[in-house]
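*Asks:* Just passing along the structure, written as structure tokens.
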Amino acid sequence: MSMLLKIHPENPSARAIGKVVDILREGGVIIYPTDTVYGLGCDIYNSRAVEKVARIKGVKMKAADFSFICHDFSHLSEYTKPIAGSYFKLLRKNLPGPFTFILQASNNVPKLFKNKKKTVGIRIPENNIILEIVRQLGRPILTTSIHDDDEVIEYTTDPELIHEKFKLLVDVIIDGGYGNNIPSTVVDCTDSEPLIVRQGLGDLKL
């Protein structure tokens with residue numbers, strides 16, 4: 001049975017964050033708030049946990065389109081090939097924020113995630129809870145959104161309802177208040193011009 005852990009979104013308690021980080025280090029799977037929808041994730045270097053996330057989502061690892069959460073730009077740059085100046089400016093203008101940027105993956109990205117295109121989706125959400133967890137963990141966490149079975153509400157927004165549904169599947173569910181029900185805007189930055197693959201909550205500033 002998973003724990004429902006209430007964490008203040010503006011001033012997250014160091015003790016509560018530490019507890020979540022310990023769970024991630026031990027290979028745990030967590031559900032957490034972002035600046036868009038609630039996410040499901042784990043330490044990207046724990047292959048068992050990553051496979052568990054894929055099972056919960058009902059996708060095969062090879063077909064999974066998982067992104068990472070990094071806590072800042074220097075962290076992000078460890079997992080991507082050098083970013084061209086124009087793209088770097090674009091990322092600077094829009095992050096932290098409700099975006100997933102698809103970039104060329106560096107060799108630090110675990111093999112488990114390497115798709116044929118050798119790209120990686122990266123987020124720096126505007127949410128203190130998850131940024132602090134990633135900062136303390138020292139490595140990115142995998143992120144994928146929680147879909148709701150009810151297609152009208154595509155994403156689950158109420159942490160208590162999320163707990164009801166996922167309490168036997170994950171180790172901890174963080175209650176950081178109500179989530180949004182609009183996902184991030186996905187921007188492909190692997191060609192000469194940025195391409196919006198999915199328009200979500202973020203309006204891209206060029």
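In the structure tokens, chains take letters A, B, ... by order of appearance, with residues numbered from 1 within each chain and ligands from 1 in the order shown.
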If you run DSSP on this backbone, which residues of segment 9-197 of chain A come out as helix (DSSP H, G or I), and could you give them as a tab-separated table (two decimals) with N, CA, C and O atoms, in the first residue's frame?

*Replies:*
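Saved file out18.tsv follows:
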```tsv
chain	number	residue	atom	x	y	z
A	14	ALA	N	12.11	19.77	3.68
A	14	ALA	CA	13.34	19.03	3.33
A	14	ALA	C	13.22	17.57	3.77
A	14	ALA	O	13.70	16.65	3.09
A	15	ARG	N	12.54	17.36	4.93
A	15	ARG	CA	12.42	16.00	5.46
A	15	ARG	C	11.55	15.15	4.53
A	15	ARG	O	11.88	14.00	4.23
A	16	ALA	N	10.44	15.73	4.08
A	16	ALA	CA	9.53	15.00	3.18
A	16	ALA	C	10.22	14.71	1.85
A	16	ALA	O	10.11	13.60	1.31
A	17	ILE	N	10.95	15.70	1.33
A	17	ILE	CA	11.67	15.51	0.06
A	17	ILE	C	12.70	14.40	0.23
A	17	ILE	O	12.84	13.52	-0.62
A	18	GLY	N	13.42	14.43	1.36
A	18	GLY	CA	14.44	13.41	1.65
A	18	GLY	C	13.85	12.01	1.66
A	18	GLY	O	14.45	11.04	1.18
A	19	LYS	N	12.64	11.90	2.22
A	19	LYS	CA	11.95	10.60	2.29
A	19	LYS	C	11.68	10.07	0.88
A	19	LYS	O	11.91	8.90	0.58
A	20	VAL	N	11.22	10.97	-0.01
A	20	VAL	CA	10.92	10.57	-1.40
A	20	VAL	C	12.20	10.18	-2.12
A	20	VAL	O	12.25	9.18	-2.85
A	21	VAL	N	13.26	10.94	-1.90
A	21	VAL	CA	14.56	10.66	-2.55
A	21	VAL	C	15.07	9.28	-2.12
A	21	VAL	O	15.56	8.50	-2.95
A	22	ASP	N	14.92	8.95	-0.84
A	22	ASP	CA	15.34	7.61	-0.36
A	22	ASP	C	14.56	6.52	-1.07
A	22	ASP	O	15.13	5.49	-1.47
A	23	ILE	N	13.26	6.75	-1.26
A	23	ILE	CA	12.41	5.75	-1.94
A	23	ILE	C	12.89	5.58	-3.39
A	23	ILE	O	12.99	4.46	-3.90
A	24	LEU	N	13.22	6.71	-4.06
A	24	LEU	CA	13.70	6.64	-5.44
A	24	LEU	C	15.04	5.90	-5.52
A	24	LEU	O	15.26	5.08	-6.41
A	25	ARG	N	15.92	6.18	-4.56
A	25	ARG	CA	17.25	5.52	-4.55
A	25	ARG	C	17.13	4.01	-4.36
A	25	ARG	O	17.96	3.24	-4.82
A	47	SER	N	16.79	0.22	-13.83
A	47	SER	CA	16.06	-0.39	-14.94
A	47	SER	C	14.81	-1.14	-14.48
A	47	SER	O	13.80	-1.14	-15.18
A	48	ARG	N	14.87	-1.75	-13.30
A	48	ARG	CA	13.68	-2.46	-12.80
A	48	ARG	C	12.51	-1.49	-12.58
A	48	ARG	O	11.36	-1.79	-12.91
A	49	ALA	N	12.85	-0.35	-11.96
A	49	ALA	CA	11.81	0.66	-11.70
A	49	ALA	C	11.25	1.20	-13.02
A	49	ALA	O	10.04	1.40	-13.15
A	50	VAL	N	12.14	1.42	-13.99
A	50	VAL	CA	11.71	1.93	-15.30
A	50	VAL	C	10.76	0.93	-15.96
A	50	VAL	O	9.71	1.30	-16.51
A	51	GLU	N	11.10	-0.35	-15.87
A	51	GLU	CA	10.24	-1.38	-16.47
A	51	GLU	C	8.89	-1.44	-15.75
A	51	GLU	O	7.86	-1.69	-16.36
A	52	LYS	N	8.92	-1.19	-14.44
A	52	LYS	CA	7.66	-1.19	-13.66
A	52	LYS	C	6.75	-0.05	-14.14
A	52	LYS	O	5.55	-0.22	-14.30
A	53	VAL	N	7.36	1.13	-14.38
A	53	VAL	CA	6.58	2.27	-14.88
A	53	VAL	C	5.94	1.90	-16.23
A	53	VAL	O	4.76	2.17	-16.46
A	54	ALA	N	6.72	1.25	-17.09
A	54	ALA	CA	6.20	0.84	-18.41
A	54	ALA	C	5.02	-0.12	-18.23
A	54	ALA	O	4.01	-0.01	-18.93
A	55	ARG	N	5.14	-1.05	-17.27
A	55	ARG	CA	4.04	-2.00	-17.01
A	55	ARG	C	2.78	-1.27	-16.52
A	55	ARG	O	1.68	-1.56	-16.96
A	56	ILE	N	2.98	-0.31	-15.59
A	56	ILE	CA	1.83	0.44	-15.06
A	56	ILE	C	1.12	1.18	-16.20
A	56	ILE	O	-0.10	1.25	-16.26
A	57	LYS	N	1.92	1.74	-17.11
A	57	LYS	CA	1.35	2.48	-18.25
A	57	LYS	C	0.79	1.55	-19.32
A	57	LYS	O	0.09	1.98	-20.23
A	61	MET	N	8.62	-1.33	-23.35
A	61	MET	CA	9.72	-0.39	-23.14
A	61	MET	C	10.21	0.21	-24.46
A	61	MET	O	10.48	1.39	-24.56
A	62	LYS	N	10.29	-0.64	-25.51
A	62	LYS	CA	10.81	-0.14	-26.80
A	62	LYS	C	9.88	0.89	-27.43
A	62	LYS	O	10.29	1.76	-28.17
A	63	ALA	N	8.58	0.75	-27.12
A	63	ALA	CA	7.61	1.67	-27.72
A	63	ALA	C	7.31	2.86	-26.82
A	63	ALA	O	6.64	3.80	-27.20
A	73	PHE	N	19.54	23.99	-16.13
A	73	PHE	CA	20.18	23.89	-17.45
A	73	PHE	C	21.47	23.09	-17.44
A	73	PHE	O	21.75	22.35	-18.37
A	74	SER	N	22.28	23.22	-16.37
A	74	SER	CA	23.54	22.48	-16.37
A	74	SER	C	23.24	20.99	-16.26
A	74	SER	O	23.92	20.15	-16.85
A	75	HIS	N	22.18	20.67	-15.53
A	75	HIS	CA	21.76	19.27	-15.39
A	75	HIS	C	21.26	18.75	-16.74
A	75	HIS	O	21.65	17.67	-17.18
A	76	LEU	N	20.43	19.54	-17.40
A	76	LEU	CA	19.88	19.19	-18.71
A	76	LEU	C	21.01	18.91	-19.72
A	76	LEU	O	20.97	17.94	-20.46
A	77	SER	N	22.04	19.77	-19.69
A	77	SER	CA	23.10	19.65	-20.71
A	77	SER	C	23.95	18.39	-20.55
A	77	SER	O	24.64	17.98	-21.48
A	85	GLY	N	23.10	27.52	-30.39
A	85	GLY	CA	22.81	28.80	-29.74
A	85	GLY	C	21.35	29.23	-29.83
A	85	GLY	O	20.75	29.66	-28.85
A	86	SER	N	20.76	29.08	-31.03
A	86	SER	CA	19.37	29.53	-31.22
A	86	SER	C	18.42	28.69	-30.36
A	86	SER	O	17.47	29.20	-29.76
A	87	TYR	N	18.69	27.39	-30.27
A	87	TYR	CA	17.85	26.52	-29.45
A	87	TYR	C	18.08	26.78	-27.96
A	87	TYR	O	17.16	26.71	-27.17
A	88	PHE	N	19.31	27.09	-27.61
A	88	PHE	CA	19.61	27.37	-26.20
A	88	PHE	C	18.80	28.58	-25.74
A	88	PHE	O	18.23	28.59	-24.66
A	89	LYS	N	18.74	29.59	-26.62
A	89	LYS	CA	17.95	30.80	-26.30
A	89	LYS	C	16.47	30.45	-26.13
A	89	LYS	O	15.79	30.96	-25.26
A	90	LEU	N	15.98	29.58	-27.01
A	90	LEU	CA	14.58	29.16	-26.97
A	90	LEU	C	14.28	28.46	-25.63
A	90	LEU	O	13.27	28.75	-24.97
A	91	LEU	N	15.17	27.56	-25.22
A	91	LEU	CA	14.99	26.86	-23.95
A	91	LEU	C	15.04	27.83	-22.77
A	91	LEU	O	14.22	27.75	-21.86
A	92	ARG	N	15.97	28.77	-22.83
A	92	ARG	CA	16.11	29.77	-21.76
A	92	ARG	C	14.84	30.61	-21.59
A	92	ARG	O	14.46	30.94	-20.48
A	93	LYS	N	14.21	30.93	-22.74
A	93	LYS	CA	12.99	31.75	-22.69
A	93	LYS	C	11.80	31.00	-22.11
A	93	LYS	O	10.87	31.60	-21.58
A	94	ASN	N	11.79	29.67	-22.25
A	94	ASN	CA	10.59	28.91	-21.94
A	94	ASN	C	10.69	27.99	-20.72
A	94	ASN	O	9.69	27.40	-20.31
A	111	LYS	N	20.92	3.22	-21.85
A	111	LYS	CA	20.62	2.50	-23.10
A	111	LYS	C	19.14	2.14	-23.21
A	111	LYS	O	18.57	2.13	-24.28
A	112	LEU	N	18.54	1.84	-22.06
A	112	LEU	CA	17.13	1.47	-22.01
A	112	LEU	C	16.24	2.48	-22.73
A	112	LEU	O	15.20	2.15	-23.26
A	113	PHE	N	16.66	3.75	-22.74
A	113	PHE	CA	15.83	4.82	-23.31
A	113	PHE	C	16.18	5.16	-24.74
A	113	PHE	O	15.52	5.96	-25.36
A	128	ASN	N	8.19	23.45	-7.52
A	128	ASN	CA	9.26	23.33	-6.52
A	128	ASN	C	9.43	21.93	-5.96
A	128	ASN	O	10.54	21.52	-5.65
A	129	ILE	N	8.32	21.21	-5.84
A	129	ILE	CA	8.40	19.88	-5.22
A	129	ILE	C	9.27	18.96	-6.07
A	129	ILE	O	10.25	18.39	-5.59
A	130	ILE	N	8.91	18.82	-7.34
A	130	ILE	CA	9.64	17.85	-8.17
A	130	ILE	C	11.06	18.34	-8.49
A	130	ILE	O	11.99	17.55	-8.55
A	131	LEU	N	11.26	19.65	-8.64
A	131	LEU	CA	12.62	20.15	-8.90
A	131	LEU	C	13.53	19.87	-7.72
A	131	LEU	O	14.70	19.50	-7.90
A	132	GLU	N	13.00	20.00	-6.53
A	132	GLU	CA	13.80	19.76	-5.32
A	132	GLU	C	14.11	18.27	-5.17
A	132	GLU	O	15.22	17.89	-4.78
A	133	ILE	N	13.16	17.41	-5.51
A	133	ILE	CA	13.39	15.96	-5.46
A	133	ILE	C	14.53	15.59	-6.42
A	133	ILE	O	15.47	14.87	-6.06
A	134	VAL	N	14.46	16.11	-7.65
A	134	VAL	CA	15.47	15.79	-8.66
A	134	VAL	C	16.84	16.36	-8.24
A	134	VAL	O	17.87	15.70	-8.39
A	135	ARG	N	16.83	17.55	-7.68
A	135	ARG	CA	18.10	18.17	-7.25
A	135	ARG	C	18.76	17.32	-6.16
A	135	ARG	O	19.95	17.03	-6.22
A	136	GLN	N	17.95	16.88	-5.19
A	136	GLN	CA	18.53	16.07	-4.11
A	136	GLN	C	18.94	14.68	-4.57
A	136	GLN	O	19.92	14.12	-4.10
A	137	LEU	N	18.17	14.12	-5.50
A	137	LEU	CA	18.52	12.80	-6.04
A	137	LEU	C	19.83	12.87	-6.82
A	137	LEU	O	20.62	11.93	-6.80
A	159	PRO	N	-5.21	14.41	-6.04
A	159	PRO	CA	-4.26	13.46	-5.45
A	159	PRO	C	-4.93	12.34	-4.66
A	159	PRO	O	-4.43	11.21	-4.65
A	160	GLU	N	-6.07	12.61	-4.02
A	160	GLU	CA	-6.72	11.55	-3.24
A	160	GLU	C	-7.32	10.49	-4.15
A	160	GLU	O	-7.30	9.30	-3.84
A	161	LEU	N	-7.86	10.93	-5.28
A	161	LEU	CA	-8.40	9.96	-6.25
A	161	LEU	C	-7.27	9.18	-6.91
A	161	LEU	O	-7.40	7.99	-7.19
A	162	ILE	N	-6.15	9.87	-7.15
A	162	ILE	CA	-4.98	9.19	-7.72
A	162	ILE	C	-4.53	8.10	-6.75
A	162	ILE	O	-4.21	6.98	-7.15
A	163	HIS	N	-4.52	8.43	-5.45
A	163	HIS	CA	-4.10	7.46	-4.42
A	163	HIS	C	-5.02	6.24	-4.44
A	163	HIS	O	-4.55	5.10	-4.38
A	164	GLU	N	-6.33	6.49	-4.54
A	164	GLU	CA	-7.30	5.38	-4.59
A	164	GLU	C	-6.95	4.42	-5.73
A	164	GLU	O	-6.99	3.21	-5.59
A	165	LYS	N	-6.62	5.01	-6.87
A	165	LYS	CA	-6.42	4.21	-8.08
A	165	LYS	C	-5.05	3.52	-8.13
A	165	LYS	O	-4.93	2.40	-8.62
A	166	PHE	N	-4.02	4.19	-7.63
A	166	PHE	CA	-2.65	3.68	-7.82
A	166	PHE	C	-1.98	3.15	-6.55
A	166	PHE	O	-0.82	2.77	-6.59
```

*Asks:* Mind checking DSSP for segment 99-204 of chain A and telling me the strand (DSSP E or B) residues as a PyMOL selection string?

*Replies:* chain A and resi 99-105+119-123+141-145+147+155+172-175+185-188+195-198

*Asks:* Atoms to include: N, CA, C and O atoms. Write the selected residues as a short mmCIF file (atom, residue, chain, number, x, y, z; two decimals), in the first residue's frame.

*Replies:*
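The resulting result.cif:
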```
data_model
loop_
_atom_site.label_atom_id
_atom_site.label_comp_id
_atom_site.auth_asym_id
_atom_site.auth_seq_id
_atom_site.Cartn_x
_atom_site.Cartn_y
_atom_site.Cartn_z
N PHE A 99 6.68 22.62 -20.73
CA PHE A 99 7.15 22.15 -22.04
C PHE A 99 7.95 20.87 -21.91
O PHE A 99 8.59 20.64 -20.89
N THR A 100 7.92 20.06 -22.97
CA THR A 100 8.84 18.94 -23.13
C THR A 100 9.62 19.24 -24.40
O THR A 100 9.02 19.39 -25.47
N PHE A 101 10.94 19.39 -24.29
CA PHE A 101 11.76 19.65 -25.46
C PHE A 101 12.46 18.36 -25.89
O PHE A 101 13.11 17.70 -25.08
N ILE A 102 12.30 18.01 -27.17
CA ILE A 102 12.96 16.81 -27.70
C ILE A 102 14.31 17.24 -28.26
O ILE A 102 14.40 18.11 -29.14
N LEU A 103 15.38 16.65 -27.70
CA LEU A 103 16.75 17.04 -28.05
C LEU A 103 17.57 15.79 -28.37
O LEU A 103 17.16 14.67 -28.06
N GLN A 104 18.74 15.99 -28.99
CA GLN A 104 19.63 14.86 -29.26
C GLN A 104 20.20 14.36 -27.94
O GLN A 104 20.69 15.13 -27.13
N ALA A 105 20.13 13.04 -27.72
CA ALA A 105 20.57 12.45 -26.45
C ALA A 105 22.09 12.29 -26.40
O ALA A 105 22.72 11.95 -27.40
N THR A 119 17.12 10.42 -29.50
CA THR A 119 16.65 11.69 -28.95
C THR A 119 16.10 11.46 -27.55
O THR A 119 15.84 10.31 -27.16
N VAL A 120 15.93 12.54 -26.82
CA VAL A 120 15.38 12.45 -25.47
C VAL A 120 14.47 13.65 -25.23
O VAL A 120 14.75 14.75 -25.68
N GLY A 121 13.33 13.39 -24.56
CA GLY A 121 12.43 14.48 -24.19
C GLY A 121 12.82 14.97 -22.80
O GLY A 121 12.98 14.15 -21.89
N ILE A 122 13.00 16.28 -22.65
CA ILE A 122 13.44 16.80 -21.34
C ILE A 122 12.51 17.89 -20.85
O ILE A 122 12.08 18.75 -21.63
N ARG A 123 12.19 17.84 -19.54
CA ARG A 123 11.34 18.84 -18.90
C ARG A 123 12.08 19.48 -17.74
O ARG A 123 12.85 18.82 -17.04
N ILE A 141 14.67 12.18 -13.14
CA ILE A 141 13.72 11.09 -12.99
C ILE A 141 12.89 11.00 -14.27
O ILE A 141 12.68 11.99 -14.96
N LEU A 142 12.51 9.78 -14.55
CA LEU A 142 11.65 9.52 -15.70
C LEU A 142 10.30 10.16 -15.42
O LEU A 142 9.86 10.19 -14.28
N THR A 143 9.66 10.67 -16.45
CA THR A 143 8.33 11.24 -16.26
C THR A 143 7.39 10.80 -17.37
O THR A 143 7.75 10.76 -18.55
N THR A 144 6.20 10.40 -16.96
CA THR A 144 5.14 10.11 -17.91
C THR A 144 3.85 10.47 -17.20
O THR A 144 3.74 10.34 -15.98
N SER A 145 2.87 10.98 -17.94
CA SER A 145 1.67 11.47 -17.27
C SER A 145 0.73 10.31 -16.92
O SER A 145 0.79 9.25 -17.52
N HIS A 147 -2.73 8.89 -17.16
CA HIS A 147 -3.98 9.05 -17.92
C HIS A 147 -5.13 8.56 -17.06
O HIS A 147 -4.99 7.62 -16.31
N TYR A 155 -6.68 13.54 -17.79
CA TYR A 155 -5.65 13.39 -16.78
C TYR A 155 -6.26 13.52 -15.40
O TYR A 155 -7.17 14.31 -15.18
N VAL A 172 4.93 5.74 -3.42
CA VAL A 172 4.48 6.96 -2.74
C VAL A 172 3.75 7.85 -3.74
O VAL A 172 4.12 7.91 -4.91
N ILE A 173 2.70 8.49 -3.26
CA ILE A 173 1.96 9.48 -4.07
C ILE A 173 2.07 10.79 -3.32
O ILE A 173 1.73 10.88 -2.14
N ILE A 174 2.60 11.79 -3.99
CA ILE A 174 2.79 13.10 -3.35
C ILE A 174 1.56 13.95 -3.60
O ILE A 174 1.14 14.13 -4.75
N ASP A 175 0.99 14.46 -2.52
CA ASP A 175 -0.13 15.38 -2.63
C ASP A 175 0.44 16.79 -2.59
O ASP A 175 0.84 17.28 -1.54
N THR A 185 3.40 21.16 -23.57
CA THR A 185 3.57 21.35 -25.02
C THR A 185 4.88 20.66 -25.40
O THR A 185 5.90 20.87 -24.76
N VAL A 186 4.82 19.81 -26.43
CA VAL A 186 6.02 19.07 -26.86
C VAL A 186 6.62 19.75 -28.08
O VAL A 186 5.94 19.97 -29.08
N VAL A 187 7.92 20.10 -27.96
CA VAL A 187 8.61 20.82 -29.04
C VAL A 187 9.83 20.02 -29.50
O VAL A 187 10.72 19.71 -28.69
N ASP A 188 9.84 19.67 -30.79
CA ASP A 188 10.98 18.93 -31.34
C ASP A 188 12.06 19.92 -31.77
O ASP A 188 11.83 20.78 -32.62
N LEU A 195 9.69 22.43 -33.96
CA LEU A 195 8.41 21.92 -34.45
C LEU A 195 7.55 21.55 -33.25
O LEU A 195 7.96 20.75 -32.41
N ILE A 196 6.35 22.14 -33.15
CA ILE A 196 5.44 21.80 -32.05
C ILE A 196 4.73 20.50 -32.42
O ILE A 196 3.94 20.43 -33.35
N VAL A 197 5.08 19.44 -31.68
CA VAL A 197 4.53 18.11 -31.94
C VAL A 197 3.17 17.98 -31.27
O VAL A 197 2.28 17.31 -31.77
N ARG A 198 3.02 18.61 -30.09
CA ARG A 198 1.74 18.60 -29.39
C ARG A 198 1.57 19.94 -28.68
O ARG A 198 2.42 20.34 -27.91
#
```

*Asks:* Can you tell me how far atom CA of Pro110 of chain A sits from atom CA of Asn46 of chain A, in Å to one decimal?

*Replies:*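 Atom-to-atom, atom CA of Pro110 of chain A and atom CA of Asn46 of chain A are spaced 9.4 Å apart.
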
*Asks:* Out of A:Cys70, A:Ile7, A:Ala64, A:Val29, which residue has the shortest atom-to-atom distance to Lys167 of chain A when counting only C-alpha atoms?

*Replies:* A:Val29

*Asks:* Given the choices A:Thr157, A:Thr36, A:Asn107, A:Ser13, which gets closest to Pro183 of chain A if the distance is worked out from only C-alpha atoms?

*Replies:*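 Among A:Thr157, A:Thr36, A:Asn107, A:Ser13, it is A:Thr36 that comes nearest to Pro183 of chain A.
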